[in-house]
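Visitor: Could you have a look at this structure, given as C-alpha cells, before my questions?
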Amino acid sequence: MCLHREEAEKIYACGKDFTVDKLIALDTEVDELKLKIAKLLKNSSNSSKPPSSDIVKPPKKPGGKRGKKNKIGGQPGHPRNERPLFSQEEIDHIVDHCLDECPECNSSDIKIRPELEPQILQQIELKERPFEIYENRGHAYWCNNCEKIHYAPFPPEVVREGLFKERLSALVCTMKYSCNASYSNIRKFLADVFGPQVKVSDGYLAKIIQKGSNALKASYQQLLDYLPSAKVVNVDETGHKENKEKHWTWVFRADLFALFKIEKSRGSDVLIKVLGKEFEGVLGCDFFSAYKKYMKDFNIIIQFCMAHLIREVKFLSGLPDKETSKYGERLLNGLKELFSVIHKRDTMSKKAFEKALQKAKKKILRIGKYNVPNSREAKNMAKRFKKFGKAYFEFITTPGIGPTNNIAEQAIRFIVIYRRVSQGTRSIKGRTACERFWTVVGTCSLQRKSIFEFIKNTFHAYFYDEPAPLLMPDSS
C-alpha cells in the first residue's frame with residue numbers, strides 16, 4: 001500500500017521521535033520484503049533446488065556466449081561419425097546389383113571389373129516372424145510291473161522358463177527398466193510386433209520381472225557386500241512412492257558400479273545400513289543433514305559438493321543487503337579461481353597444480369570466515385566454513401574423488417523419469433526388483449556393457465542352475 005502525501009504529513013506532524021521510529025520500522029519492513037522476494041526467486045541456478053522446481057525459468061540472454069546460435073546437425077570442423085560395416089561373417093544375405101548397359105551412353109558393350117571393390121550399402125531388417133515356438137512333450141509310458149502310466153518329466157530348466165524363454169524374458173525386463181515401458185505398453189508391443197500368438201497378461205509380465213529379480217540376487221548382493229570397502233563412494237537420493245507412502249531411492253556410486261536402495265528413511269541410518277559404522281573411504285555428497293550426522297557420529301571423511309556450494313553463494317550475491325551481496329561476490333570470485341586452476345590441470349606439473357589448489361583453498365576459507373556481514377545468511381555461511389570448510393577440499397589430497405557430486409546425480413537421473421512413468425511400487429517384491437534392475441541398468445551403462453545381454457545371461461544361469469554372472473567379475 002502506497003503512503004500518500006497527506007499521511008506522510010500527519011506522521012511528520014507527530015514530532016521527531018515518532019517520525020524517526022516510523023521510518024526505521026518502514027525500512028525494516030522493506031528489507032524483510034526484499035529478503036522474501038530473493039527467496040522466492042530461488043531456482044536451480046542459485047540454490048540446491050532441483051531443475052524440475054523451475055516452473056518459470058528466467059529468459060535466456062540473447063546471443064549466448066558466441067553471439068549466434070549454431071545450426072542443427074554436424075558442426076564445421078567436427079569429425080564425422082560413421083557406423084563401421086558389418087563383417088562378412090555377420091552378413092546373412094548378399095544381393096548383387098549389375099548393369100546391363102552403360103548408364104551414360106546406353107552401350108551394351110560393358111564388362112564387370114572384379115579387381116575393383118564394389119560399392120556397399122548394408123541394411124538390417126526384422127524377420128517376418130522374429131521368434132520360435134518350442135513344444136516340450138513328456139511321453140506316456142506303461143509300466144508292466146506296477147501297472148501304471150508314467151510321463152517323462154520335463155527338465156528343471158524347462159519348468160523354470162515357463163512360457164517365455166531367456167531371450168524373451170530378458171527383452172521384457174530390458175523394456176521395463178531400461179526403456180521405462182509400462183506393463184501395458186510391453187504387452188501391446190509384444191502383441192503388435194510378434195503377433196497375437198504372443199498375447200500375455202500384465203500379471204504374467206509381472207511374474208517374469210519377479211523371476212529376473214530372483215535371478216539377480218547374487219549379482220546385487222556382491223555389490224552390496226563390496227560397498228563398505230570401496231575407497232570412494234558418491235551418494236544421492238530422490239523421492240519414491242510405494243502405495244502412496246513416501247520412500248527414498250538412494251544411489252551409491254562407486255568407481256565401476258551404481259547400486260540403488262529404496263528405503264522409508266532419508267536419514268543417516270540408511271548410510272549405516274549400507275556402508276557401516278567403520279567406512280574408511282571418502283563419501284561424496286551434498287550438504288544434507290543425514291551426511292553431516294554420519295560424518296559427525298563415525299568420523300567419516302566427506303567431500304561436500306562444490307556445485308551446491310556455488311549455487312548457494314550465488315544466492316548470497318543476489319540478496320538486497322549490499323554487504324551480504326559483496327560477501328557473496330568475494331566468495332564467488334574465490335570459487336571461480338579454484339575451478340580455473342582445476343581446468344588448467346593438464347598444463348601444470350603435479351606439484352604446481354597441488355600448490356595452486358592449496359592457495360585457492362586458503363583464499364576461499366579466509367574470505368568465508370572473516371569480515372563477515374551481520375546478516376543471518378552470511379553468518380550461516382561463515383559458520384559452515386568454520387565447521388565444515390575442510391570437507392569441501394578433500395578432493396585436493398584424495399585421489400579418485402571429484403569436487404562435485406555430479407556423478408551420483410547423473411546416475412540417479414533416469415530414476416526420476418522412471419518414477420513419472422510407473423508411479424512407484426506397490427510391494428516389497430516390487431521395490432526389490434527395482435533396486436536390482438536399476439543397479440544392472442546403471443552399472444552396465446557405466447561399464448558400457450549390453451543391459452540386455454547381461455539380463456539374458458542371468459536368466460540362463462537361473463534357469464539352468466548355474467552360477468550367476470557378476471557385475472564385478474574381477475572384484476576378488
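Here's how to read the names in the C-alpha cells: chain A, B, ... by the order shown, residue numbers from 1 in each chain, ligand numbers from 1 in the order shown.
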When you look at Cys179 in chain A with a cut-off of 12 Å (counting only C-alpha atoms), what residues show up, excluding the ones that are within fewer than 2 positions of it in the same chain? I need them as a ChimeraX atom specification.

Guide: /A:171-177,181-183,185-186,414-415,417-418,421-422,437-438,441,451-452

Visitor: Quick one: residues within 10 Å of Arg366 in chain A, only C-alpha atoms counted, chain neighbours fewer than 3 positions away excluded, as a PDB file with N, CA, C and O atoms, in the first residue's frame?

Guide:
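Now in part29.pdb:
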ATOM      1  N   LEU A 331      33.238 -14.496  -2.322  1.00  0.00           N
ATOM      2  CA  LEU A 331      33.295 -15.963  -2.280  1.00  0.00           C
ATOM      3  C   LEU A 331      33.205 -16.557  -3.683  1.00  0.00           C
ATOM      4  O   LEU A 331      33.930 -17.495  -4.031  1.00  0.00           O
ATOM      5  N   GLY A 334      36.424 -16.255  -5.490  1.00  0.00           N
ATOM      6  CA  GLY A 334      37.388 -17.238  -4.984  1.00  0.00           C
ATOM      7  C   GLY A 334      37.131 -18.622  -5.545  1.00  0.00           C
ATOM      8  O   GLY A 334      38.056 -19.348  -5.922  1.00  0.00           O
ATOM      9  N   ALA A 360      44.289 -21.505  -3.591  1.00  0.00           N
ATOM     10  CA  ALA A 360      42.892 -21.140  -3.834  1.00  0.00           C
ATOM     11  C   ALA A 360      42.009 -21.548  -2.656  1.00  0.00           C
ATOM     12  O   ALA A 360      41.090 -20.812  -2.268  1.00  0.00           O
ATOM     13  N   LYS A 361      42.318 -22.704  -2.070  1.00  0.00           N
ATOM     14  CA  LYS A 361      41.564 -23.186  -0.907  1.00  0.00           C
ATOM     15  C   LYS A 361      41.688 -22.224   0.267  1.00  0.00           C
ATOM     16  O   LYS A 361      40.684 -21.825   0.876  1.00  0.00           O
ATOM     17  N   LYS A 362      42.924 -21.810   0.574  1.00  0.00           N
ATOM     18  CA  LYS A 362      43.148 -20.893   1.701  1.00  0.00           C
ATOM     19  C   LYS A 362      42.431 -19.569   1.498  1.00  0.00           C
ATOM     20  O   LYS A 362      41.882 -18.976   2.436  1.00  0.00           O
ATOM     21  N   LYS A 363      42.417 -19.108   0.255  1.00  0.00           N
ATOM     22  CA  LYS A 363      41.756 -17.834  -0.039  1.00  0.00           C
ATOM     23  C   LYS A 363      40.250 -17.931   0.204  1.00  0.00           C
ATOM     24  O   LYS A 363      39.650 -17.031   0.808  1.00  0.00           O
ATOM     25  N   LYS A 369      35.441 -17.048   6.320  1.00  0.00           N
ATOM     26  CA  LYS A 369      35.440 -16.989   7.784  1.00  0.00           C
ATOM     27  C   LYS A 369      35.554 -15.577   8.351  1.00  0.00           C
ATOM     28  O   LYS A 369      35.077 -15.311   9.461  1.00  0.00           O
ATOM     29  N   TYR A 370      36.174 -14.671   7.611  1.00  0.00           N
ATOM     30  CA  TYR A 370      36.495 -13.358   8.181  1.00  0.00           C
ATOM     31  C   TYR A 370      35.785 -12.224   7.430  1.00  0.00           C
ATOM     32  O   TYR A 370      35.390 -12.373   6.274  1.00  0.00           O
ATOM     33  N   ASN A 371      35.656 -11.077   8.141  1.00  0.00           N
ATOM     34  CA  ASN A 371      34.962  -9.895   7.607  1.00  0.00           C
ATOM     35  C   ASN A 371      33.560 -10.260   7.110  1.00  0.00           C
ATOM     36  O   ASN A 371      33.150  -9.910   5.999  1.00  0.00           O
ATOM     37  N   ALA A 382      29.379 -18.423   7.012  1.00  0.00           N
ATOM     38  CA  ALA A 382      30.657 -18.378   7.728  1.00  0.00           C
ATOM     39  C   ALA A 382      30.766 -19.530   8.729  1.00  0.00           C
ATOM     40  O   ALA A 382      31.827 -20.159   8.877  1.00  0.00           O
ATOM     41  N   PHE A 385      31.702 -22.673   6.886  1.00  0.00           N
ATOM     42  CA  PHE A 385      33.124 -22.748   6.536  1.00  0.00           C
ATOM     43  C   PHE A 385      33.987 -23.065   7.751  1.00  0.00           C
ATOM     44  O   PHE A 385      34.973 -23.802   7.648  1.00  0.00           O
ATOM     45  N   LYS A 386      33.607 -22.516   8.920  1.00  0.00           N
ATOM     46  CA  LYS A 386      34.394 -22.770  10.136  1.00  0.00           C
ATOM     47  C   LYS A 386      34.260 -24.220  10.582  1.00  0.00           C
ATOM     48  O   LYS A 386      35.222 -24.833  11.045  1.00  0.00           O
TER      49      LYS A 386
END

Visitor: Name the residues of range 133-185 of chain A that come out as alpha helix (DSSP H) in a backbone DSSP run; write them as a PyMOL selection string.

Guide: chain A and resi 156-161+166-177+183-185

Visitor: From the set A:Leu316, A:Ala206, A:Val200, A:Met348, which residue has the shortest atom-to-atom contact distance to Pro373 in chain A, counting only C-alpha atoms?

Guide: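 Closest candidate: A:Leu316.
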
Visitor: What's the separation between CA of Lys207 in chain A and CA of Val416 in chain A, in Å to one decimal place?

Guide: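 CA of Val416 in chain A lies 24.4 Å from CA of Lys207 in chain A.
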
Visitor: Measuring between only C-alpha atoms, which one of A:Ser427, A:Asn136, A:Gln221, A:Ser268 shows the shortest distance to Asn243 in chain A?

Guide: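 The closest residue to Asn243 in chain A is A:Ser427.
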
Visitor: When distances are computed from only C-alpha atoms, which of A:Asp346, A:Asp321, A:Glu409, A:Glu166 shows the smallest separation from Asn374 in chain A?

Guide: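 Distance minimum relative to Asn374 in chain A lands on A:Asp321.
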
Visitor: Mind checking which residues fall within 10 Å of Glu354 in chain A, counting only C-alpha atoms, ignoring those fewer than 6 positions away in the same chain, and posting them as a list in words?

Guide: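 Everything that qualifies: Val341, Ile342, Arg345, Met348, Ala360, Ile396 and Thr397 of chain A.
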
Visitor: Interatomic distance between CA of Ala411 in chain A and CA of Ser169 in chain A?

Guide: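 Interatomic distance, CA of Ala411 in chain A to CA of Ser169 in chain A: 25.2 Å.
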
Visitor: Distance table requested - range 366-401 of chain A against range 277-298 of chain A, cut-off 10 Å, only C-alpha atoms: one row per qualifying residue with the closest atom pair and its distance in Å to one decimal, ordered by chain and rising residue number, as JSON lines.

Guide:
{"residue": "A:Arg384", "atom": "CA", "partner": "A:Phe287", "partner_atom": "CA", "distance": 9.9}
{"residue": "A:Phe388", "atom": "CA", "partner": "A:Lys292", "partner_atom": "CA", "distance": 9.0}
{"residue": "A:Ala391", "atom": "CA", "partner": "A:Gly284", "partner_atom": "CA", "distance": 9.6}
{"residue": "A:Tyr392", "atom": "CA", "partner": "A:Gly284", "partner_atom": "CA", "distance": 9.7}
{"residue": "A:Glu394", "atom": "CA", "partner": "A:Val282", "partner_atom": "CA", "distance": 8.4}
{"residue": "A:Phe395", "atom": "CA", "partner": "A:Val282", "partner_atom": "CA", "distance": 9.3}
{"residue": "A:Thr398", "atom": "CA", "partner": "A:Val282", "partner_atom": "CA", "distance": 8.1}
{"residue": "A:Pro399", "atom": "CA", "partner": "A:Val282", "partner_atom": "CA", "distance": 9.9}
{"residue": "A:Gly400", "atom": "CA", "partner": "A:Val282", "partner_atom": "CA", "distance": 9.2}
{"residue": "A:Ile401", "atom": "CA", "partner": "A:Gly284", "partner_atom": "CA", "distance": 7.2}

Visitor: Mind dumping the selected residues with C-alpha atoms as a PDB file, in the first residue's frame?

Guide:
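This went into selection.pdb:
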ATOM      1  CA  ARG A 384      29.580 -23.602   7.643  1.00  0.00           C
ATOM      2  CA  PHE A 388      32.891 -27.969   7.585  1.00  0.00           C
ATOM      3  CA  ALA A 391      35.202 -31.184   3.895  1.00  0.00           C
ATOM      4  CA  TYR A 392      34.861 -29.077   0.742  1.00  0.00           C
ATOM      5  CA  GLU A 394      39.180 -33.346   0.382  1.00  0.00           C
ATOM      6  CA  PHE A 395      39.485 -33.784  -3.393  1.00  0.00           C
ATOM      7  CA  THR A 398      42.348 -37.717  -2.091  1.00  0.00           C
ATOM      8  CA  PRO A 399      42.735 -39.418  -5.495  1.00  0.00           C
ATOM      9  CA  GLY A 400      39.514 -40.582  -7.156  1.00  0.00           C
ATOM     10  CA  ILE A 401      37.144 -38.084  -5.560  1.00  0.00           C
TER      11      ILE A 401
END

Visitor: Do you know which residues are at most 10 Å from Leu446 in chain A counting only C-alpha atoms, after dropping those on the same chain fewer than 5 positions away, and could you put them as a list in words?

Guide: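 My reading of the contact set: Asp255, Leu256, Phe257, Ala258, Ala411, Val440 and Val441 of chain A.
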
Visitor: Using C-alpha atoms, can you export the residues from the last selection as a PDB file, in the first residue's frame?

Guide:
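File part-v1.pdb, as written:
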ATOM      1  CA  ASP A 255      34.125 -46.376  -9.455  1.00  0.00           C
ATOM      2  CA  LEU A 256      32.716 -49.200 -11.607  1.00  0.00           C
ATOM      3  CA  PHE A 257      29.105 -49.534 -10.484  1.00  0.00           C
ATOM      4  CA  ALA A 258      25.993 -47.759  -9.237  1.00  0.00           C
ATOM      5  CA  ALA A 411      23.476 -41.890 -12.047  1.00  0.00           C
ATOM      6  CA  VAL A 440      22.048 -53.534 -13.545  1.00  0.00           C
ATOM      7  CA  VAL A 441      20.982 -50.629 -15.795  1.00  0.00           C
TER       8      VAL A 441
END

Visitor: Please indicate the distance in Å from CA of Ile364 in chain A to CA of Leu335 in chain A, rounded to one decimal place.

Guide: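 For CA of Ile364 in chain A relative to CA of Leu335 in chain A, the distance reads 6.8 Å.
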
Visitor: When you look at Glu157 in chain A with a cut-off of 7 Å (counting only C-alpha atoms), what residues show up, excluding the ones that are within fewer than 3 positions of it in the same chain? I need them as a PyMOL selection string.

Guide: chain A and resi 160-161+463-464

Visitor: What parts of range 96-302 of chain A does DSSP call strand (DSSP E)? I'd like the answer as an MDAnalysis selection string.

Guide: chainID A and resid 140:143 148:151 232:242 245:253 258:263 282:285 301:302

Visitor: Take the residues that were just selected and, keeping C-alpha atoms, output them as a CSV table (one decimal), in the first residue's frame.

Guide:
chain,number,residue,atom,x,y,z
A,140,ALA,CA,3.5,-91.5,-21.6
A,141,TYR,CA,4.9,-95.0,-20.7
A,142,TRP,CA,3.1,-98.0,-19.3
A,143,CYS,CA,4.9,-100.0,-16.6
A,148,LYS,CA,0.6,-97.6,-14.1
A,149,ILE,CA,1.1,-94.8,-16.7
A,150,HIS,CA,4.2,-92.7,-16.2
A,151,TYR,CA,5.0,-89.5,-18.1
A,232,VAL,CA,35.4,-43.6,-2.9
A,233,VAL,CA,31.5,-43.6,-2.9
A,234,ASN,CA,29.3,-40.8,-4.1
A,235,VAL,CA,25.7,-40.7,-2.7
A,236,ASP,CA,22.5,-39.0,-3.6
A,237,GLU,CA,18.8,-39.6,-3.0
A,238,THR,CA,15.4,-38.8,-4.6
A,239,GLY,CA,11.8,-39.4,-3.7
A,240,HIS,CA,9.9,-42.7,-4.3
A,241,LYS,CA,6.3,-43.7,-3.7
A,242,GLU,CA,5.1,-47.1,-2.5
A,245,GLU,CA,3.7,-43.7,1.1
A,246,LYS,CA,6.9,-41.6,0.9
A,247,HIS,CA,10.1,-43.6,0.4
A,248,TRP,CA,13.5,-42.6,-0.9
A,249,THR,CA,15.7,-44.1,-3.6
A,250,TRP,CA,19.3,-43.9,-2.7
A,251,VAL,CA,22.2,-44.3,-5.2
A,252,PHE,CA,25.7,-45.4,-4.1
A,253,ARG,CA,28.0,-44.6,-7.0
A,258,ALA,CA,26.0,-47.8,-9.2
A,259,LEU,CA,23.9,-49.5,-6.6
A,260,PHE,CA,20.3,-48.5,-5.8
A,261,LYS,CA,18.5,-48.9,-2.5
A,262,ILE,CA,14.9,-47.9,-1.7
A,263,GLU,CA,14.2,-47.1,2.0
A,282,VAL,CA,35.7,-40.9,1.2
A,283,LEU,CA,32.0,-40.1,0.8
A,284,GLY,CA,31.0,-37.6,-1.9
A,285,CYS,CA,27.6,-35.9,-1.2
A,301,ILE,CA,35.7,-38.4,5.6
A,302,ILE,CA,33.3,-36.4,3.4
